[in-house]
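Printed here is coords.txt (compact mmCIF, C-alpha atoms and all ligand atoms):
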```txt
# COMPACT_ATOMS: atom_id res chain seq x y z
CA MET A 1 91.81 82.00 81.30
CA LEU A 2 92.99 80.78 84.71
CA PRO A 3 95.73 82.72 86.53
CA LYS A 4 99.18 81.44 85.57
CA TRP A 5 100.74 80.47 88.90
CA LEU A 6 104.37 79.41 88.47
CA GLN A 7 104.19 76.80 91.24
CA ARG A 8 101.42 74.96 89.39
CA MET A 9 103.39 74.67 86.13
CA THR A 10 105.91 72.11 84.98
CA TRP A 11 109.20 73.58 83.81
CA GLU A 12 108.13 73.09 80.19
CA GLU A 13 104.87 74.92 80.82
CA PHE A 14 106.87 77.71 82.44
CA GLU A 15 109.00 78.09 79.31
CA LEU A 16 105.95 78.10 77.08
CA ASN A 17 104.09 80.67 79.17
CA LEU A 18 107.14 82.89 79.35
CA GLN A 19 107.39 82.87 75.57
CA ARG A 20 103.70 83.78 75.28
CA CYS A 21 103.54 86.73 77.65
CA GLY A 22 107.06 87.58 78.79
CA VAL A 23 106.04 89.32 82.02
CA VAL A 24 106.38 87.88 85.53
CA ILE A 25 104.37 89.26 88.45
CA ILE A 26 105.74 88.92 91.99
CA PRO A 27 103.09 89.55 94.68
CA VAL A 28 104.63 90.81 97.92
CA GLY A 29 102.72 91.44 101.13
CA SER A 30 103.16 90.87 104.82
CA THR A 31 101.96 88.67 107.64
CA GLU A 32 100.86 91.21 110.20
CA GLN A 33 97.92 92.10 112.40
CA HIS A 34 95.05 93.81 110.59
CA GLY A 35 92.71 94.64 113.45
CA ALA A 36 90.05 92.29 114.76
CA HIS A 37 88.16 91.97 111.47
CA LEU A 38 90.83 91.07 108.89
CA PRO A 39 93.31 88.18 108.64
CA LEU A 40 97.04 88.45 109.27
CA GLY A 41 97.70 87.75 105.59
CA THR A 42 95.62 90.70 104.30
CA ASP A 43 98.45 92.52 102.49
CA THR A 44 99.54 89.35 100.69
CA PHE A 45 95.96 88.35 99.84
CA ILE A 46 95.52 91.80 98.25
CA ALA A 47 98.72 91.51 96.16
CA LYS A 48 97.72 87.97 95.19
CA VAL A 49 94.17 88.73 94.05
CA LEU A 50 95.33 91.69 91.94
CA ALA A 51 97.98 89.48 90.33
CA GLU A 52 95.34 86.86 89.55
CA GLY A 53 93.01 89.42 87.97
CA ALA A 54 95.77 90.67 85.66
CA SER A 55 97.13 87.21 84.86
CA GLU A 56 93.67 86.00 83.80
CA ARG A 57 93.57 88.78 81.21
CA THR A 58 97.19 88.87 80.01
CA GLY A 59 98.65 85.42 80.66
CA ALA A 60 101.42 86.93 82.81
CA ILE A 61 103.13 84.35 85.02
CA ILE A 62 102.69 84.88 88.77
CA ALA A 63 105.63 83.86 90.94
CA PRO A 64 104.82 82.39 94.39
CA PRO A 65 103.88 85.27 96.71
CA ILE A 66 106.26 86.61 99.32
CA TRP A 67 104.13 86.43 102.46
CA TYR A 68 106.54 88.42 104.67
CA GLY A 69 107.46 92.08 104.88
CA TRP A 70 109.01 94.58 107.24
CA SER A 71 106.42 94.71 110.01
CA ALA A 72 108.45 95.65 113.08
CA HIS A 73 105.81 98.12 114.35
CA HIS A 74 103.02 95.53 114.14
CA MET A 75 104.92 93.12 116.39
CA VAL A 76 102.86 94.79 119.10
CA LEU A 77 100.15 92.17 118.35
CA PRO A 78 100.52 88.37 118.12
CA GLY A 79 100.75 86.44 114.88
CA THR A 80 102.74 89.20 113.17
CA VAL A 81 105.98 88.09 111.52
CA THR A 82 108.61 90.66 110.56
CA ILE A 83 111.67 90.19 108.41
CA ARG A 84 114.60 92.58 108.34
CA PRO A 85 114.09 94.85 105.34
CA GLU A 86 117.49 94.04 103.84
CA ILE A 87 116.34 90.39 103.73
CA LEU A 88 113.37 91.45 101.63
CA ALA A 89 115.63 93.36 99.21
CA GLU A 90 118.00 90.37 98.94
CA LEU A 91 115.16 87.86 98.57
CA LEU A 92 113.58 89.85 95.75
CA PHE A 93 116.97 90.19 94.08
CA ASP A 94 117.45 86.40 94.19
CA VAL A 95 113.92 85.63 92.95
CA ILE A 96 114.27 88.06 90.03
CA GLY A 97 117.84 86.85 89.40
CA SER A 98 116.72 83.21 89.18
CA LEU A 99 113.87 83.94 86.78
CA ALA A 100 116.08 86.27 84.72
CA HIS A 101 118.53 83.37 84.40
CA HIS A 102 115.69 81.41 82.77
CA GLY A 103 114.99 84.19 80.30
CA ALA A 104 112.44 86.45 82.02
CA LYS A 105 113.12 90.11 81.24
CA ASN A 106 110.09 92.00 82.58
CA PHE A 107 108.93 91.98 86.19
CA VAL A 108 106.04 93.64 88.01
CA ILE A 109 106.28 93.62 91.79
CA ILE A 110 102.90 94.17 93.45
CA ASN A 111 103.30 95.77 96.83
CA GLY A 112 100.43 94.81 99.14
CA HIS A 113 102.21 96.18 102.22
CA ARG A 114 102.02 99.83 101.21
CA ILE A 115 104.72 102.38 101.88
CA VAL A 116 106.66 100.25 104.41
CA ASN A 117 108.15 97.87 101.82
CA ILE A 118 108.75 100.38 99.04
CA GLY A 119 112.27 101.60 99.83
CA TRP A 120 113.60 98.05 99.92
CA MET A 121 111.82 97.07 96.75
CA GLN A 122 113.38 100.08 95.05
CA ILE A 123 116.83 98.91 96.12
CA ALA A 124 116.17 95.42 94.73
CA CYS A 125 114.72 96.79 91.47
CA GLU A 126 117.60 99.18 90.84
CA LYS A 127 120.14 96.44 91.48
CA THR A 128 118.41 93.93 89.19
CA GLN A 129 118.07 96.49 86.40
CA ARG A 130 121.72 97.55 86.70
CA THR A 131 123.32 94.14 87.12
CA LEU A 132 120.93 91.81 85.25
CA GLY A 133 119.63 94.12 82.55
CA VAL A 134 115.97 93.35 83.28
CA LYS A 135 113.05 95.77 83.50
CA THR A 136 111.38 95.88 86.92
CA VAL A 137 108.48 98.07 88.07
CA ILE A 138 106.75 98.41 91.43
CA PHE A 139 102.94 98.46 91.37
CA ASP A 140 101.60 99.91 94.59
CA PRO A 141 97.81 99.95 95.03
CA ALA A 142 97.90 103.17 97.08
CA TYR A 143 99.67 105.08 94.28
CA MET A 144 97.65 103.40 91.53
CA SER A 145 94.26 104.23 93.07
CA LYS A 146 94.52 107.94 93.85
CA GLU A 147 91.81 108.87 91.35
CA ILE A 148 89.35 106.11 92.14
CA VAL A 149 89.80 106.33 95.93
CA SER A 150 88.88 110.02 95.87
CA LYS A 151 85.98 109.34 93.49
CA LEU A 152 84.64 106.61 95.79
CA GLY A 153 84.86 108.99 98.75
CA PHE A 154 87.23 106.85 100.79
CA GLY A 155 89.00 108.43 103.77
CA PRO A 156 92.78 108.52 104.18
CA VAL A 157 95.10 105.52 104.02
CA GLY A 158 95.45 104.03 107.51
CA HIS A 159 95.67 100.40 108.54
CA ALA A 160 92.85 97.90 108.02
CA GLU A 161 90.77 100.99 107.21
CA GLU A 162 87.86 101.29 104.80
CA ILE A 163 90.00 101.01 101.64
CA GLU A 164 91.73 97.73 102.53
CA SER A 165 88.58 96.48 104.23
CA SER A 166 86.32 97.17 101.24
CA HIS A 167 88.81 95.40 98.97
CA MET A 168 88.92 92.36 101.26
CA LEU A 169 85.13 92.40 101.66
CA HIS A 170 84.81 92.16 97.88
CA SER A 171 87.64 89.72 97.19
CA TYR A 172 87.63 87.45 100.27
CA PRO A 173 84.22 87.85 101.96
CA GLU A 174 84.80 84.61 103.88
CA LEU A 175 87.80 86.21 105.64
CA TYR A 176 86.02 89.44 106.57
CA HIS A 177 84.50 89.58 110.08
CA ALA A 178 81.97 92.41 109.91
CA GLU A 179 80.79 91.87 113.49
CA ARG A 180 84.30 92.57 114.84
CA VAL A 181 84.93 95.90 113.08
CA LEU A 182 86.30 98.69 115.32
CA ASP A 183 87.13 102.25 114.24
CA TYR A 184 89.94 104.46 115.47
CA VAL A 185 90.75 107.72 113.75
CA PRO A 186 94.10 109.01 115.06
CA GLU A 187 94.83 112.70 115.49
CA PRO A 188 96.63 113.96 112.36
CA LYS A 189 100.36 114.37 112.99
CA PRO A 190 101.74 117.84 112.20
CA LEU A 191 103.60 117.93 108.87
CA PHE A 192 103.24 114.20 108.29
CA SER A 193 101.14 111.99 106.05
CA ALA A 194 101.74 108.57 104.49
CA ASP A 195 98.80 108.93 102.08
CA PRO A 196 99.89 109.46 98.45
CA ARG A 197 96.84 111.72 97.95
CA PHE A 198 97.99 114.17 100.64
CA GLN A 199 98.67 117.56 99.06
CA GLY A 200 100.38 119.43 101.92
CA ASP A 201 103.98 119.56 103.08
CA THR A 202 105.04 116.32 104.73
CA LEU A 203 108.01 114.60 106.27
CA CYS A 204 109.13 111.37 104.63
CA TYR A 205 107.78 108.09 105.95
CA VAL A 206 109.47 106.26 108.81
CA PRO A 207 107.64 103.24 110.31
CA SER A 208 106.01 103.81 113.70
CA THR A 209 107.38 102.40 116.93
CA MET A 210 105.48 99.73 118.82
CA GLU A 211 104.80 102.44 121.43
CA ASP A 212 103.12 104.60 118.72
CA MET A 213 100.84 101.67 117.96
CA ARG A 214 99.51 101.24 121.49
CA LYS A 215 96.60 103.65 121.10
CA SER A 216 95.22 101.87 118.04
CA VAL A 217 95.69 98.56 119.88
CA GLU A 218 93.77 99.80 122.95
CA VAL A 219 90.96 101.53 121.06
CA ALA A 220 90.52 99.33 117.98
CA LYS A 221 92.63 96.19 118.35
CA GLY A 222 95.21 97.44 115.84
CA THR A 223 93.00 99.21 113.28
CA SER A 224 93.70 102.77 112.25
CA GLY A 225 90.84 104.32 110.26
CA SER A 226 87.13 103.66 109.76
CA PRO A 227 86.47 100.12 108.50
CA SER A 228 82.84 100.54 109.59
CA ARG A 229 82.48 102.55 106.36
CA SER A 230 83.54 99.56 104.24
CA CYS A 231 81.42 98.77 101.22
CA ARG A 232 81.54 95.70 99.04
CA GLU A 233 80.45 97.53 95.88
CA LYS A 234 83.15 100.16 96.34
CA GLY A 235 85.64 97.38 96.97
CA LYS A 236 84.66 95.85 93.64
CA GLU A 237 85.12 99.13 91.76
CA TYR A 238 88.45 99.72 93.48
CA HIS A 239 89.61 96.19 92.62
CA GLU A 240 88.59 96.46 88.98
CA HIS A 241 90.31 99.82 88.63
CA LEU A 242 93.58 98.37 89.97
CA VAL A 243 93.39 95.28 87.73
CA GLU A 244 92.82 97.58 84.74
CA ARG A 245 95.90 99.62 85.67
CA LEU A 246 97.94 96.45 86.11
CA VAL A 247 96.88 95.14 82.69
CA THR A 248 97.98 98.46 81.15
CA VAL A 249 101.38 98.21 82.88
CA ILE A 250 101.83 94.64 81.59
CA ASN A 251 100.76 95.56 78.05
CA ASN A 252 103.16 98.52 78.04
CA MET A 253 106.00 96.22 79.10
CA GLN A 254 105.17 93.75 76.34
CA GLU A 255 105.30 96.54 73.79
CA GLY A 256 108.66 97.59 75.23
ZN ZN A 301 97.45 96.08 105.17
```

Represent the structure contained in this file as C-alpha cells.
Amino acid sequence: MLPKWLQRMTWEEFELNLQRCGVVIIPVGSTEQHGAHLPLGTDTFIAKVLAEGASERTGAIIAPPIWYGWSAHHMVLPGTVTIRPEILAELLFDVIGSLAHHGAKNFVIINGHRIVNIGWMQIACEKTQRTLGVKTVIFDPAYMSKEIVSKLGFGPVGHAEEIESSHMLHSYPELYHAERVLDYVPEPKPLFSADPRFQGDTLCYVPSTMEDMRKSVEVAKGTSGSPSRSCREKGKEYHEHLVERLVTVINNMQEG
C-alpha cells in the first residue's frame, strides 16, 4: 500500500483513513547544514522516509512534515534555518490540536533532528495529552536504534556521521555526494555525551554555540564523525529496524 500522506487526501478520504487506522504520524526534522555530502533537509528526509515505511505497512496517516527545528548552532553555515524552540512546541500543539478536533486520538511524532528538538516536543506532547486527552509518543531514531547501531558497529552519534550518512545513502542515494565526504572526530568532552548508548556519567544536553562549531566547519565543512565509513547495506538494515519498531509502536497504540 502507498504511504497515506494527509496532503494528498480529500477530506472524505482523511475521515475514512482515520477510521481505518486511527494513528497519525507527524515527521519533524530540520533544515540545517549536514556537511558537504548531505542535503540541508537530511533530518526531515529521515523522519519522512521512516514515516512512509510504517504507513505503507499500517495505513497510518502521515501529516505534512515540519521541515524546521531549533538549529541555532548550525547557523554557522549558510542555508540553515532555525526557529525558536517555543515556536516548535506551539506549532506541534496546534497541529495535534487541529487533528484531534477532527477525531484523531493517537499521534506518533518522529524526531529526525535528534536530541535538540526533544525537550520541546515533550512540552507539546504533555500539553496535548493533558488538555486534549490524546495519546502522543515521540519516536526518536537514536533511542530506537541502540541495539542495531551497536550490532552494525557504528561509531557514536555526531552530525552527518556514518549513521545518518548510511541511512541517507540507502534511502536517498541521489542526494548523497560520496566524493565530498570529509571526516572530523572531535575530542571527547569530559563528562559529556549526547549519544543514548553512552554508559558513563554525563551532563545533560545543551546545544553547542556557533563558536563550538567552528572546528568542524574548518576541518570537515560542518560534519562531526566519520561518514567515510558509511555503508549502504548497513543503512538498509538500520532503516528496516527502525520501520519495524515504528510499526510495533503504531500497532500497540491501535490496541490501546
Ligand atoms: Zn541530522

Find the residues of chain A that sit at most 10 Å from ligand ZN 301 (chain A); for each, write down the nearest two atoms and how far apart they are in Å, to one decimal. Count all atoms listed in the file. Sort by chain, then by number going up, and give it as a tab-separated table.
```
residue	atom	partner	partner_atom	distance
A:Gly29	CA	A:ZN301	ZN	8.1
A:Ser30	CA	A:ZN301	ZN	7.7
A:Thr31	CA	A:ZN301	ZN	9.0
A:Glu32	CA	A:ZN301	ZN	7.8
A:Gln33	CA	A:ZN301	ZN	8.3
A:His34	CA	A:ZN301	ZN	6.3
A:Gly35	CA	A:ZN301	ZN	9.6
A:Leu38	CA	A:ZN301	ZN	9.1
A:Pro39	CA	A:ZN301	ZN	9.6
A:Leu40	CA	A:ZN301	ZN	8.7
A:Gly41	CA	A:ZN301	ZN	8.3
A:Thr42	CA	A:ZN301	ZN	5.7
A:Asp43	CA	A:ZN301	ZN	4.6
A:Thr44	CA	A:ZN301	ZN	8.4
A:Phe45	CA	A:ZN301	ZN	9.5
A:Ile46	CA	A:ZN301	ZN	8.4
A:Gly112	CA	A:ZN301	ZN	6.8
A:His113	CA	A:ZN301	ZN	5.6
A:Arg114	CA	A:ZN301	ZN	7.1
A:Val157	CA	A:ZN301	ZN	9.8
A:Gly158	CA	A:ZN301	ZN	8.5
A:His159	CA	A:ZN301	ZN	5.8
A:Ala160	CA	A:ZN301	ZN	5.7
A:Glu161	CA	A:ZN301	ZN	8.5
A:Ile163	CA	A:ZN301	ZN	9.6
A:Glu164	CA	A:ZN301	ZN	6.5
A:Ser165	CA	A:ZN301	ZN	8.9
A:Thr223	CA	A:ZN301	ZN	9.8
```

Write a file of the just-selected residues containing C-alpha atoms, as a PDB file, keeping the file's coordinate frame.
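Ended up saving to out.pdb:
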```
ATOM      1  CA  GLY A  29     102.720  91.440 101.130  1.00  0.00           C
ATOM      2  CA  SER A  30     103.160  90.870 104.820  1.00  0.00           C
ATOM      3  CA  THR A  31     101.960  88.670 107.640  1.00  0.00           C
ATOM      4  CA  GLU A  32     100.860  91.210 110.200  1.00  0.00           C
ATOM      5  CA  GLN A  33      97.920  92.100 112.400  1.00  0.00           C
ATOM      6  CA  HIS A  34      95.050  93.810 110.590  1.00  0.00           C
ATOM      7  CA  GLY A  35      92.710  94.640 113.450  1.00  0.00           C
ATOM      8  CA  LEU A  38      90.830  91.070 108.890  1.00  0.00           C
ATOM      9  CA  PRO A  39      93.310  88.180 108.640  1.00  0.00           C
ATOM     10  CA  LEU A  40      97.040  88.450 109.270  1.00  0.00           C
ATOM     11  CA  GLY A  41      97.700  87.750 105.590  1.00  0.00           C
ATOM     12  CA  THR A  42      95.620  90.700 104.300  1.00  0.00           C
ATOM     13  CA  ASP A  43      98.450  92.520 102.490  1.00  0.00           C
ATOM     14  CA  THR A  44      99.540  89.350 100.690  1.00  0.00           C
ATOM     15  CA  PHE A  45      95.960  88.350  99.840  1.00  0.00           C
ATOM     16  CA  ILE A  46      95.520  91.800  98.250  1.00  0.00           C
ATOM     17  CA  GLY A 112     100.430  94.810  99.140  1.00  0.00           C
ATOM     18  CA  HIS A 113     102.210  96.180 102.220  1.00  0.00           C
ATOM     19  CA  ARG A 114     102.020  99.830 101.210  1.00  0.00           C
ATOM     20  CA  VAL A 157      95.100 105.520 104.020  1.00  0.00           C
ATOM     21  CA  GLY A 158      95.450 104.030 107.510  1.00  0.00           C
ATOM     22  CA  HIS A 159      95.670 100.400 108.540  1.00  0.00           C
ATOM     23  CA  ALA A 160      92.850  97.900 108.020  1.00  0.00           C
ATOM     24  CA  GLU A 161      90.770 100.990 107.210  1.00  0.00           C
ATOM     25  CA  ILE A 163      90.000 101.010 101.640  1.00  0.00           C
ATOM     26  CA  GLU A 164      91.730  97.730 102.530  1.00  0.00           C
ATOM     27  CA  SER A 165      88.580  96.480 104.230  1.00  0.00           C
ATOM     28  CA  THR A 223      93.000  99.210 113.280  1.00  0.00           C
TER      29      THR A 223
END
```

Using all atoms listed in the file, what does the table of stretch 77-128 of chain A residues within 12 Å of stretch 6-25 of chain A look like, with each row giving the shortest atom pair and its distance in Å to one decimal, sorted by chain and ascending number, as CSV?
```
residue,atom,partner,partner_atom,distance
A:Leu92,CA,A:Ile25,CA,11.8
A:Val95,CA,A:Val24,CA,10.8
A:Ile96,CA,A:Val24,CA,9.1
A:Ser98,CA,A:Val24,CA,11.9
A:Leu99,CA,A:Val24,CA,8.6
A:Ala100,CA,A:Val24,CA,9.9
A:His102,CA,A:Glu15,CA,8.2
A:Gly103,CA,A:Leu18,CA,8.0
A:Ala104,CA,A:Gly22,CA,6.4
A:Lys105,CA,A:Gly22,CA,7.0
A:Asn106,CA,A:Val23,CA,4.9
A:Phe107,CA,A:Val24,CA,4.9
A:Val108,CA,A:Ile25,CA,4.7
A:Ile109,CA,A:Ile25,CA,5.8
A:Ile110,CA,A:Ile25,CA,7.2
A:Asn111,CA,A:Ile25,CA,10.7
```

Of A:Asp195, A:Lys48, A:Ser228, A:Lys135, the one nearest to A:Met253 when counting only C-alpha atoms is A:Lys135

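The smallest atom-to-atom distance between A:Leu77 and any of A:Glu52, A:Glu255, A:Glu218, A:Glu237, using only C-alpha atoms, is found for A:Glu218.
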
Taking all atoms of stretch 155-160 of chain A that the file lists and extending 4 Å past them on each side, where is the centre of the axis-aligned box and how long are its edges? Answer in Å to one decimal, as AutoDock Vina command-line options.
```
--center_x 92.3 --center_y 103.2 --center_z 106.2 --size_x 14.7 --size_y 18.6 --size_z 12.8
```

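Comparing A:Tyr172, A:Phe154, A:Tyr143, A:Phe93 by their smallest distance to A:Lys127, the closest is A:Phe93 (using all atoms listed in the file).
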
Do you have the atom CA of A:Leu169-atom CA of A:Ser208 distance handy?
-> 26.7 Å

Exercise: A:Pro64 partners within 8 Å, all atoms listed in the file, chain neighbours under 2 positions left out, as a PyMOL selection string | chain A and resi 5-7+26-27+62+66

Which residue out of A:Lys151, A:Arg180, A:Ala51, A:Ser166 has the minimum interatomic distance to A:Ala220 when all atoms listed in the file are used?
->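 Checking each of A:Lys151, A:Arg180, A:Ala51, A:Ser166 against A:Ala220, counting all atoms listed in the file, the winner is A:Arg180.
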
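Across the model, the gap from atom CA of A:Asp183 to atom CA of A:Ser226 is 4.7 Å.
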
Would you work out the distance separating atom CA of A:Ser145 from atom CA of A:Glu244, expressed in Å to one decimal?
->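 Rounded to one decimal, the two atoms are 10.8 Å apart.
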
Considering only C-alpha atoms, state which residue in the set A:Glu162, A:Glu174, A:Glu126, A:Asp140 is at the smallest distance from A:Val243.
->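 Closest to A:Val243, using only C-alpha atoms: A:Asp140.
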
Rank nothing, just name the residue among A:Ser224, A:Met213, A:Lys234, A:Ile250 nearest to A:Met75, using all atoms listed in the file.
->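 Distance minimum relative to A:Met75 lands on A:Met213.
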
Could you name the residues that touch A:Phe198 at 12 Å or less, counting all atoms listed in the file, but leaving out those on the same chain fewer than 6 positions away, as JSON, numbers by chain?
-> {"A": [142, 143, 146, 150, 155, 156, 157, 188, 191, 192]}

Residue neighbourhood A:Pro190, 10 Å, only C-alpha atoms, exclusion window fewer than 4 positions, as a compact mmCIF listing (two decimals) with C-alpha atoms, keeping the file's coordinate frame:
```txt
# COMPACT_ATOMS: atom_id res chain seq x y z
CA ASP A 201 103.98 119.56 103.08
CA THR A 202 105.04 116.32 104.73
CA LEU A 203 108.01 114.60 106.27
```

Would you mind completing stretch 93-107 of chain A so that it carries N, CA and C atoms, and writing it out as a CSV table (one decimal), keeping the file's coordinate frame?
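For reference, out.csv as written:
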```csv
chain,number,residue,atom,x,y,z
A,93,PHE,N,115.9,90.2,95.0
A,93,PHE,CA,117.0,90.2,94.1
A,93,PHE,C,117.2,88.8,93.6
A,94,ASP,N,117.2,87.8,94.5
A,94,ASP,CA,117.4,86.4,94.2
A,94,ASP,C,116.3,85.8,93.4
A,95,VAL,N,115.1,86.2,93.7
A,95,VAL,CA,113.9,85.6,93.0
A,95,VAL,C,114.0,86.2,91.5
A,96,ILE,N,114.2,87.5,91.4
A,96,ILE,CA,114.3,88.1,90.0
A,96,ILE,C,115.5,87.5,89.3
A,97,GLY,N,116.6,87.4,90.0
A,97,GLY,CA,117.8,86.8,89.4
A,97,GLY,C,117.6,85.4,88.9
A,98,SER,N,116.9,84.6,89.6
A,98,SER,CA,116.7,83.2,89.2
A,98,SER,C,115.9,83.2,87.9
A,99,LEU,N,114.8,84.0,87.9
A,99,LEU,CA,113.9,83.9,86.8
A,99,LEU,C,114.5,84.6,85.6
A,100,ALA,N,115.3,85.6,85.8
A,100,ALA,CA,116.1,86.3,84.7
A,100,ALA,C,117.0,85.3,84.1
A,101,HIS,N,117.6,84.4,84.9
A,101,HIS,CA,118.5,83.4,84.4
A,101,HIS,C,117.8,82.5,83.4
A,102,HIS,N,116.5,82.3,83.7
A,102,HIS,CA,115.7,81.4,82.8
A,102,HIS,C,115.0,82.2,81.6
A,103,GLY,N,115.4,83.4,81.5
A,103,GLY,CA,115.0,84.2,80.3
A,103,GLY,C,114.0,85.3,80.5
A,104,ALA,N,113.4,85.4,81.8
A,104,ALA,CA,112.4,86.4,82.0
A,104,ALA,C,113.1,87.8,82.0
A,105,LYS,N,112.5,88.8,81.4
A,105,LYS,CA,113.1,90.1,81.2
A,105,LYS,C,112.3,91.2,81.9
A,106,ASN,N,111.0,91.0,82.1
A,106,ASN,CA,110.1,92.0,82.6
A,106,ASN,C,109.4,91.5,83.9
A,107,PHE,N,109.5,92.4,84.9
A,107,PHE,CA,108.9,92.0,86.2
A,107,PHE,C,108.0,93.1,86.7
```
